[in-house]
>>> print(open('my_file.txt').read())   # compact mmCIF, C-alpha atoms
# COMPACT_ATOMS: atom_id res chain seq x y z
CA MET C 78 201.87 -77.55 3.37
CA THR C 79 200.43 -76.28 0.08
CA PRO C 80 196.73 -75.23 0.20
CA PRO C 81 194.40 -76.95 -2.33
CA SER C 82 194.20 -75.12 -5.62
CA SER C 83 190.90 -73.65 -6.81
CA THR C 84 191.50 -75.30 -10.18
CA GLN C 85 191.63 -78.77 -8.61
CA GLN C 86 189.30 -81.15 -10.42
CA ARG C 87 186.12 -82.16 -8.59
CA PRO C 88 184.98 -85.79 -8.48
CA PRO C 89 182.53 -86.61 -11.29
CA ARG C 90 178.89 -86.55 -10.47
CA PRO C 91 177.09 -89.89 -10.41
CA GLY C 92 175.08 -90.68 -13.50
CA PRO C 93 171.43 -91.63 -13.58
CA ALA C 94 172.28 -95.20 -12.62
CA GLY C 95 173.99 -94.00 -9.45
CA ASN C 96 171.45 -91.42 -8.42
CA THR C 97 171.43 -91.13 -4.65
CA ASP C 98 168.75 -88.40 -4.41
CA PRO C 99 166.86 -89.15 -1.16
CA LEU C 100 163.63 -87.57 -2.48
CA PRO C 101 161.31 -90.01 -4.30
CA THR C 102 160.39 -89.16 -7.87
CA PRO C 103 157.10 -90.99 -8.52
CA ARG C 104 155.74 -91.20 -12.03
CA PRO C 105 153.03 -88.52 -12.47
CA HIS C 106 149.50 -89.81 -12.87
CA LEU C 107 145.91 -88.56 -12.87
CA GLY C 108 145.77 -88.46 -9.07
CA HIS C 109 148.54 -85.84 -8.98
CA ALA C 110 146.68 -83.72 -11.54
CA VAL C 111 143.43 -84.03 -9.55
CA ALA C 112 145.21 -82.94 -6.35
CA SER C 113 146.73 -79.98 -8.19
CA GLU C 114 143.40 -78.88 -9.67
CA TRP C 115 141.68 -79.26 -6.29
CA THR C 116 144.29 -77.00 -4.71
CA LYS C 117 143.86 -74.40 -7.43
CA LEU C 118 140.05 -74.52 -7.22
CA ILE C 119 139.82 -74.01 -3.47
CA SER C 120 142.63 -71.45 -3.27
CA VAL C 121 140.86 -68.76 -5.33
CA ARG C 122 138.23 -66.47 -3.82
CA SER C 123 135.85 -66.74 -6.80
CA THR C 124 135.10 -70.38 -5.92
CA LEU C 125 133.89 -69.41 -2.45
CA TRP C 126 131.70 -66.63 -3.84
CA THR C 127 130.10 -68.71 -6.59
CA ILE C 128 129.49 -71.76 -4.41
CA GLY C 129 128.26 -69.58 -1.55
CA SER C 130 125.84 -67.68 -3.81
CA LEU C 131 124.49 -70.98 -5.15
CA VAL C 132 123.77 -72.35 -1.67
CA VAL C 133 122.28 -69.08 -0.41
CA THR C 134 120.04 -68.72 -3.47
CA VAL C 135 118.75 -72.31 -3.59
CA VAL C 136 118.34 -72.79 0.15
CA GLY C 137 117.18 -69.24 0.93
CA ILE C 138 114.48 -69.04 -1.76
CA GLY C 139 113.50 -72.67 -1.16
CA LEU C 140 112.96 -72.20 2.57
CA ALA C 141 111.02 -68.98 1.95
CA PHE C 142 108.74 -70.94 -0.40
CA VAL C 143 108.33 -73.66 2.22
CA ALA C 144 107.30 -71.08 4.81
CA GLN C 145 104.61 -69.62 2.48
CA THR C 146 102.97 -72.95 1.53
CA SER C 147 100.58 -75.30 3.29
CA ASP C 148 100.28 -79.07 3.52
CA GLU C 149 97.59 -79.12 0.82
CA ASN C 150 99.98 -77.54 -1.70
CA TYR C 151 102.12 -80.68 -1.62
CA ARG C 152 99.32 -82.99 -2.73
CA SER C 153 100.31 -82.35 -6.36
CA MET C 154 104.04 -81.65 -6.08
CA PRO C 155 107.06 -83.31 -4.39
CA PHE C 156 108.77 -81.95 -1.29
CA THR C 157 111.87 -81.13 -3.35
CA ALA C 158 109.91 -78.81 -5.69
CA PRO C 159 110.57 -75.59 -3.64
CA ALA C 160 114.26 -75.89 -4.58
CA LEU C 161 113.33 -75.33 -8.24
CA PHE C 162 112.69 -71.59 -7.78
CA GLY C 163 116.11 -70.97 -6.25
CA LEU C 164 117.84 -73.29 -8.69
CA MET C 165 116.52 -71.31 -11.67
CA ALA C 166 118.80 -68.48 -10.55
CA GLY C 167 121.39 -70.59 -8.69
CA GLN C 168 122.32 -72.56 -11.80
CA LEU C 169 123.96 -69.40 -13.14
CA SER C 170 126.54 -69.69 -10.33
CA VAL C 171 127.40 -73.20 -11.55
CA LEU C 172 127.84 -71.89 -15.09
CA VAL C 173 130.13 -69.08 -13.92
CA LEU C 174 132.23 -71.46 -11.79
CA GLY C 175 132.55 -73.86 -14.72
CA VAL C 176 133.86 -71.11 -16.98
CA LEU C 177 136.24 -69.65 -14.37
CA THR C 178 137.71 -73.08 -13.62
CA ILE C 179 139.74 -72.82 -16.81
CA THR C 180 139.51 -69.26 -18.15
CA SER C 181 141.00 -67.74 -14.98
CA GLU C 182 144.25 -69.57 -15.79
CA TYR C 183 144.26 -68.18 -19.31
CA GLY C 184 143.59 -64.68 -17.97
CA THR C 185 146.47 -64.72 -15.47
CA GLY C 186 148.90 -66.69 -17.65
CA LEU C 187 149.06 -69.51 -15.09
CA VAL C 188 148.10 -71.97 -17.82
CA ARG C 189 151.66 -71.73 -19.22
CA THR C 190 153.05 -72.88 -15.87
CA THR C 191 150.43 -75.62 -15.63
CA PHE C 192 151.17 -77.06 -19.07
CA GLY C 193 154.92 -76.65 -18.49
CA ALA C 194 154.76 -78.69 -15.27
CA ALA C 195 152.28 -81.20 -16.71
CA PRO C 196 152.87 -81.57 -20.47
CA ASP C 197 150.03 -84.10 -20.79
CA ARG C 198 147.27 -81.57 -21.45
CA HIS C 199 144.55 -84.20 -21.69
CA ARG C 200 145.37 -85.32 -18.15
CA VAL C 201 145.13 -81.73 -16.88
CA LEU C 202 141.81 -81.17 -18.64
CA THR C 203 140.43 -84.47 -17.33
CA ALA C 204 141.41 -83.50 -13.79
CA LYS C 205 139.60 -80.17 -14.19
CA TYR C 206 136.43 -81.93 -15.35
CA LEU C 207 136.57 -84.44 -12.48
CA VAL C 208 137.20 -81.90 -9.71
CA PHE C 209 134.60 -79.43 -10.96
CA SER C 210 131.94 -82.14 -11.51
CA ALA C 211 132.38 -83.50 -7.98
CA VAL C 212 132.17 -80.05 -6.35
CA ALA C 213 129.18 -78.92 -8.44
CA PHE C 214 127.18 -82.14 -8.01
CA LEU C 215 127.69 -82.37 -4.24
CA THR C 216 126.83 -78.70 -3.70
CA VAL C 217 123.65 -78.78 -5.83
CA ALA C 218 122.48 -82.11 -4.40
CA ALA C 219 123.08 -81.02 -0.79
CA SER C 220 121.18 -77.74 -1.34
CA ILE C 221 118.18 -79.49 -2.96
CA PHE C 222 118.01 -82.18 -0.29
CA LEU C 223 118.22 -79.60 2.50
CA VAL C 224 115.18 -77.80 1.06
CA GLY C 225 113.35 -81.12 0.45
CA VAL C 226 113.97 -82.43 3.95
CA SER C 227 112.83 -79.10 5.43
CA ALA C 228 109.60 -79.22 3.40
CA ALA C 229 108.98 -82.83 4.45
CA MET C 230 109.49 -81.97 8.11
CA VAL C 231 107.21 -78.89 8.01
CA HIS C 232 104.50 -80.16 5.63
CA GLY C 233 104.76 -83.93 5.99
CA GLY C 234 101.34 -84.28 7.63
CA PRO C 235 98.49 -86.53 6.44
CA THR C 236 96.85 -83.64 4.53
CA ALA C 237 99.90 -83.48 2.21
CA GLY C 238 99.00 -86.87 0.71
CA PRO C 239 101.31 -89.80 -0.05
CA HIS C 240 104.77 -89.19 -1.53
CA SER C 241 106.93 -91.82 -3.22
CA ASN C 242 110.70 -92.07 -2.98
CA SER C 243 111.02 -91.43 -6.72
CA ALA C 244 110.95 -87.67 -6.02
CA TRP C 245 114.32 -87.97 -4.27
CA ALA C 246 115.71 -89.89 -7.26
CA TYR C 247 114.47 -87.10 -9.54
CA ALA C 248 116.31 -84.61 -7.28
CA LEU C 249 119.52 -86.51 -8.00
CA ALA C 250 118.70 -86.33 -11.72
CA VAL C 251 118.30 -82.55 -11.38
CA SER C 252 121.72 -82.38 -9.70
CA VAL C 253 123.24 -84.33 -12.60
CA TYR C 254 121.50 -82.04 -15.12
CA VAL C 255 122.83 -78.84 -13.51
CA THR C 256 126.30 -80.40 -13.19
CA LEU C 257 126.24 -81.19 -16.91
CA LEU C 258 125.39 -77.54 -17.60
CA GLY C 259 128.50 -76.62 -15.58
CA VAL C 260 130.65 -79.14 -17.49
CA LEU C 261 129.34 -77.62 -20.73
CA SER C 262 130.42 -74.21 -19.39
CA LEU C 263 133.92 -75.53 -18.64
CA ALA C 264 134.16 -76.92 -22.17
CA VAL C 265 133.01 -73.61 -23.66
CA GLY C 266 135.60 -71.84 -21.47
CA ALA C 267 138.32 -74.11 -22.87
CA LEU C 268 137.21 -73.29 -26.40
CA VAL C 269 136.76 -69.52 -25.94
CA ARG C 270 139.58 -68.94 -23.38
CA HIS C 271 137.95 -65.67 -22.26
CA SER C 272 135.82 -65.39 -19.11
CA ALA C 273 133.37 -62.71 -20.27
CA GLY C 274 132.89 -64.28 -23.70
CA ALA C 275 132.31 -67.79 -22.34
CA ILE C 276 129.89 -66.59 -19.64
CA ALA C 277 127.94 -64.60 -22.26
CA VAL C 278 127.67 -67.70 -24.45
CA MET C 279 126.36 -69.84 -21.59
CA LEU C 280 123.89 -67.20 -20.39
CA GLY C 281 122.51 -67.07 -23.91
CA VAL C 282 122.27 -70.87 -24.11
CA VAL C 283 120.34 -71.13 -20.82
CA THR C 284 118.18 -67.99 -20.68
CA LEU C 285 117.40 -67.02 -24.29
CA PRO C 286 115.65 -70.15 -25.69
CA PRO C 287 112.30 -69.46 -23.92
CA LEU C 288 112.29 -65.88 -25.26
CA ILE C 289 113.38 -66.90 -28.77
CA GLY C 290 110.81 -69.72 -28.84
CA ALA C 291 108.02 -67.34 -27.83
CA MET C 292 109.02 -64.88 -30.56
CA LEU C 293 109.21 -67.55 -33.25
CA SER C 294 105.77 -68.84 -32.23
CA ILE C 295 104.18 -65.52 -33.27
CA TRP C 296 104.52 -66.18 -37.01
CA SER C 297 102.88 -69.23 -38.57
CA ALA C 298 105.90 -70.01 -40.76
CA SER C 299 108.28 -70.25 -37.78
CA ALA C 300 105.75 -71.55 -35.24
CA PRO C 301 106.91 -75.22 -35.47
CA LEU C 302 110.51 -74.14 -34.81
CA GLY C 303 109.36 -71.92 -31.96
CA ARG C 304 107.45 -74.82 -30.37
CA LEU C 305 110.57 -76.99 -30.69
CA VAL C 306 112.70 -74.36 -28.94
CA LEU C 307 110.08 -73.96 -26.20
CA ASP C 308 110.00 -77.71 -25.54
CA TYR C 309 113.77 -78.31 -25.52
CA ASN C 310 115.49 -75.86 -23.17
CA ALA C 311 117.04 -75.88 -19.71
CA PRO C 312 114.21 -74.22 -17.69
CA VAL C 313 111.57 -76.59 -19.08
CA ALA C 314 113.86 -79.58 -18.48
CA LEU C 315 114.35 -78.55 -14.83
CA MET C 316 110.59 -78.23 -14.32
CA GLN C 317 110.02 -81.68 -15.80
CA LEU C 318 112.79 -83.26 -13.72
CA PHE C 319 111.30 -81.73 -10.57
CA GLY C 320 107.81 -82.97 -11.50
CA MET C 321 106.38 -79.46 -11.85
CA PRO C 322 104.00 -78.12 -14.57
CA ASP C 323 106.16 -76.62 -17.34
CA GLY C 324 103.80 -73.72 -18.17
CA THR C 325 104.28 -73.99 -21.94
CA GLY C 326 100.84 -75.43 -22.60
CA SER C 327 102.25 -78.18 -24.77
CA THR C 328 100.61 -81.61 -24.55
CA ASP C 329 103.46 -83.45 -26.30
CA LEU C 330 106.52 -82.55 -24.30
CA PRO C 331 109.62 -84.77 -24.43
CA SER C 332 110.21 -87.07 -21.49
CA ARG C 333 112.77 -86.54 -18.74
CA MET C 334 115.12 -89.06 -20.35
CA VAL C 335 114.95 -87.26 -23.70
CA GLN C 336 115.79 -83.92 -22.07
CA MET C 337 118.71 -85.51 -20.21
CA ALA C 338 119.97 -87.35 -23.31
CA LEU C 339 119.92 -84.12 -25.33
CA LEU C 340 122.11 -82.32 -22.79
CA VAL C 341 124.45 -85.33 -22.57
CA LEU C 342 124.93 -85.25 -26.36
CA VAL C 343 125.56 -81.49 -26.48
CA THR C 344 127.94 -81.60 -23.50
CA GLY C 345 129.78 -84.63 -24.88
CA ALA C 346 130.36 -82.90 -28.20
CA ALA C 347 131.67 -79.74 -26.48
CA VAL C 348 133.97 -81.77 -24.20
CA ALA C 349 135.37 -83.72 -27.17
CA ALA C 350 136.01 -80.45 -29.01
CA SER C 351 137.80 -79.01 -25.95
CA TYR C 352 140.21 -81.99 -25.86
CA VAL C 353 141.06 -81.52 -29.55
CA VAL C 354 141.51 -77.75 -29.33
CA VAL C 355 143.53 -77.70 -26.10
CA ARG C 356 146.01 -80.19 -27.56
CA ARG C 357 146.51 -78.34 -30.85
CA ARG C 358 146.98 -74.83 -29.46
CA ASP C 359 150.33 -73.39 -28.46
CA VAL C 360 148.92 -72.55 -25.02
>>> encode(input="my_file.txt", output="structure tokens")
Amino acid sequence: MTPPSSTQQRPPRPGPAGNTDPLPTPRPHLGHAVASEWTKLISVRSTLWTIGSLVVTVVGIGLAFVAQTSDENYRSMPFTAPALFGLMAGQLSVLVLGVLTITSEYGTGLVRTTFGAAPDRHRVLTAKYLVFSAVAFLTVAASIFLVGVSAAMVHGGPTAGPHSNSAWAYALAVSVYVTLLGVLSLAVGALVRHSAGAIAVMLGVVTLPPLIGAMLSIWSASAPLGRLVLDYNAPVALMQLFGMPDGTGSTDLPSRMVQMALLVLVTGAAVAASYVVVRRRDV
């Protein structure tokens, strides 16, 4: 019997119509991109450090403030106000996490693999915004409410005076405000594509306006501009949203809604620019 020759022709492979691959090949959608971005976010150590530092700062400083206050102190401020002092520093962790959510991929070159596996770049960017926003909002809101509930339990006596439920709604507004700052950081990271540069930009946006406004207020020619900068900045907006005195001495400050609307406009413009730029670039 003659053995089969190595040059014997193999049967033709089935075409696409006859594909018998047992593995399903679902059409990719936004849910797949969200799952991928969630896996990438929780698998890096920087996420744990930034989120952990945010919780420790807000809750630690807030509880220390609660321990040093009395019931009478809460006659003129809500129970959630002690979280403000920790959030002034803790918001920087949200900004850093927002930047690293996208710039870390540019730094390691992983973004080439991401865009190669998911050519729809807008879908990838949308998934990043959704995953980061959910993580940032839940972490900030949980930290503020933990401090607020602790203050209500320790200083909720009759000498603290009546407190309406609107303070808890304002705490949610603060969480949305800080989350928007983080989304703005992510958009700046998409535009700059460099971690140090994007973090420097966001630190300047958040921390420098009070200093610049105070300097401009020295000279009479630039005093109106200095007052405008002092009224419209992130620290003053957080104080107003918490129901705390702003400390600027201004009697004509913008309302909470105006402060929130201003940040929504700035963040929306940066997010729109990030979609345009990410699509046009090679990587």
>>> residues_around(input="my_file.txt", residues="range 127-135 of chain C", least_positions_apart="6", cutoff="8 Å", atoms="all atoms listed in the file", output="PyMOL selection string")
chain C and resi 160-164+166-168+170-171+173-174+216-217+220-221
>>> write_last_selection(input="my_file.txt", atoms="C-alpha atoms", output="short mmCIF file (atom, residue, chain, number, x, y, z; two decimals), in the coordinates of the input")
data_model
loop_
_atom_site.label_atom_id
_atom_site.label_comp_id
_atom_site.auth_asym_id
_atom_site.auth_seq_id
_atom_site.Cartn_x
_atom_site.Cartn_y
_atom_site.Cartn_z
CA ALA C 160 114.26 -75.89 -4.58
CA LEU C 161 113.33 -75.33 -8.24
CA PHE C 162 112.69 -71.59 -7.78
CA GLY C 163 116.11 -70.97 -6.25
CA LEU C 164 117.84 -73.29 -8.69
CA ALA C 166 118.80 -68.48 -10.55
CA GLY C 167 121.39 -70.59 -8.69
CA GLN C 168 122.32 -72.56 -11.80
CA SER C 170 126.54 -69.69 -10.33
CA VAL C 171 127.40 -73.20 -11.55
CA VAL C 173 130.13 -69.08 -13.92
CA LEU C 174 132.23 -71.46 -11.79
CA THR C 216 126.83 -78.70 -3.70
CA VAL C 217 123.65 -78.78 -5.83
CA SER C 220 121.18 -77.74 -1.34
CA ILE C 221 118.18 -79.49 -2.96
#
>>> atom_distance(input="my_file.txt", atom1="CA of Leu261 in chain C", atom2="CA of Thr344 in chain C")
5.0 Å
>>> atom_distance(input="my_file.txt", atom1="CA of Leu342 in chain C", atom2="CA of His199 in chain C")
20.2 Å
>>> axis_aligned_box(input="my_file.txt", around="range 313-317 of chain C", padding_each_side="6 Å", output="lines of an AutoDock Vina configuration file")
center_x = 112.2
center_y = -79.1
center_z = -16.7
size_x = 16.3
size_y = 17.1
size_z = 16.8
>>> closest_residue(input="my_file.txt", among="C:Ala228, C:Leu318, C:Leu140, C:Leu340", to="Leu258 in chain C", atoms="only C-alpha atoms")
C:Leu340
>>> closest_residue(input="my_file.txt", among="C:Gly281, C:Gly139, C:Pro312, C:Pro286", to="Val224 in chain C", atoms="all atoms listed in the file")
C:Gly139
>>> atom_distance(input="my_file.txt", atom1="CA of Ser272 in chain C", atom2="CA of Ala194 in chain C")
23.5 Å
>>> closest_residue(input="my_file.txt", among="C:Tyr183, C:Val111, C:Val260, C:Pro239", to="Ala346 in chain C", atoms="all atoms listed in the file")
C:Val260
>>> residues_around(input="my_file.txt", residues="Gly290 in chain C", least_positions_apart="4", cutoff="12 Å", atoms="all atoms listed in the file", output="compact mmCIF listing (two decimals) with C-alpha atoms, in the frame of the given file")
# COMPACT_ATOMS: atom_id res chain seq x y z
CA THR C 284 118.18 -67.99 -20.68
CA LEU C 285 117.40 -67.02 -24.29
CA PRO C 286 115.65 -70.15 -25.69
CA SER C 294 105.77 -68.84 -32.23
CA ILE C 295 104.18 -65.52 -33.27
CA TRP C 296 104.52 -66.18 -37.01
CA SER C 299 108.28 -70.25 -37.78
CA ALA C 300 105.75 -71.55 -35.24
CA PRO C 301 106.91 -75.22 -35.47
CA LEU C 302 110.51 -74.14 -34.81
CA GLY C 303 109.36 -71.92 -31.96
CA ARG C 304 107.45 -74.82 -30.37
CA LEU C 305 110.57 -76.99 -30.69
CA VAL C 306 112.70 -74.36 -28.94
CA LEU C 307 110.08 -73.96 -26.20
CA ASP C 308 110.00 -77.71 -25.54
CA TYR C 309 113.77 -78.31 -25.52
CA ASN C 310 115.49 -75.86 -23.17
CA VAL C 313 111.57 -76.59 -19.08
CA THR C 325 104.28 -73.99 -21.94
>>> residues_around(input="my_file.txt", residues="Gly266 in chain C", least_positions_apart="3", cutoff="7 Å", atoms="only C-alpha atoms", output="MDAnalysis selection string")
chainID C and resid 176 179:180 262:263 269:272 275
>>> closest_residue(input="my_file.txt", among="C:Thr203, C:Arg356, C:Val251, C:Gly186", to="Arg333 in chain C", atoms="only C-alpha atoms")
C:Val251
>>> build_atoms(input="my_file.txt", residues="range 141-152 of chain C", atoms="N, CA and C atoms", output="compact mmCIF listing (two decimals), keeping the file's coordinate frame")
# COMPACT_ATOMS: atom_id res chain seq x y z
N ALA C 141 112.07 -70.01 1.97
CA ALA C 141 111.02 -68.98 1.95
C ALA C 141 109.75 -69.51 1.31
N PHE C 142 109.90 -70.32 0.23
CA PHE C 142 108.74 -70.94 -0.40
C PHE C 142 108.07 -71.93 0.54
N VAL C 143 108.88 -72.68 1.26
CA VAL C 143 108.33 -73.66 2.22
C VAL C 143 107.51 -72.95 3.30
N ALA C 144 108.00 -71.81 3.75
CA ALA C 144 107.30 -71.08 4.81
C ALA C 144 105.98 -70.49 4.33
N GLN C 145 105.83 -70.25 3.02
CA GLN C 145 104.61 -69.62 2.48
C GLN C 145 103.61 -70.64 1.93
N THR C 146 103.87 -71.92 2.07
CA THR C 146 102.97 -72.95 1.53
C THR C 146 102.33 -73.73 2.68
N SER C 147 101.30 -74.49 2.31
CA SER C 147 100.58 -75.30 3.29
C SER C 147 100.71 -76.78 2.92
N ASP C 148 100.20 -77.63 3.79
CA ASP C 148 100.28 -79.07 3.52
C ASP C 148 99.53 -79.43 2.24
N GLU C 149 98.40 -78.79 2.00
CA GLU C 149 97.59 -79.12 0.82
C GLU C 149 98.33 -78.83 -0.48
N ASN C 150 99.24 -77.86 -0.47
CA ASN C 150 99.98 -77.54 -1.70
C ASN C 150 100.85 -78.70 -2.17
N TYR C 151 101.20 -79.59 -1.26
CA TYR C 151 102.12 -80.68 -1.62
C TYR C 151 101.39 -81.96 -2.04
N ARG C 152 100.05 -81.84 -2.20
CA ARG C 152 99.32 -82.99 -2.73
C ARG C 152 99.69 -83.27 -4.18
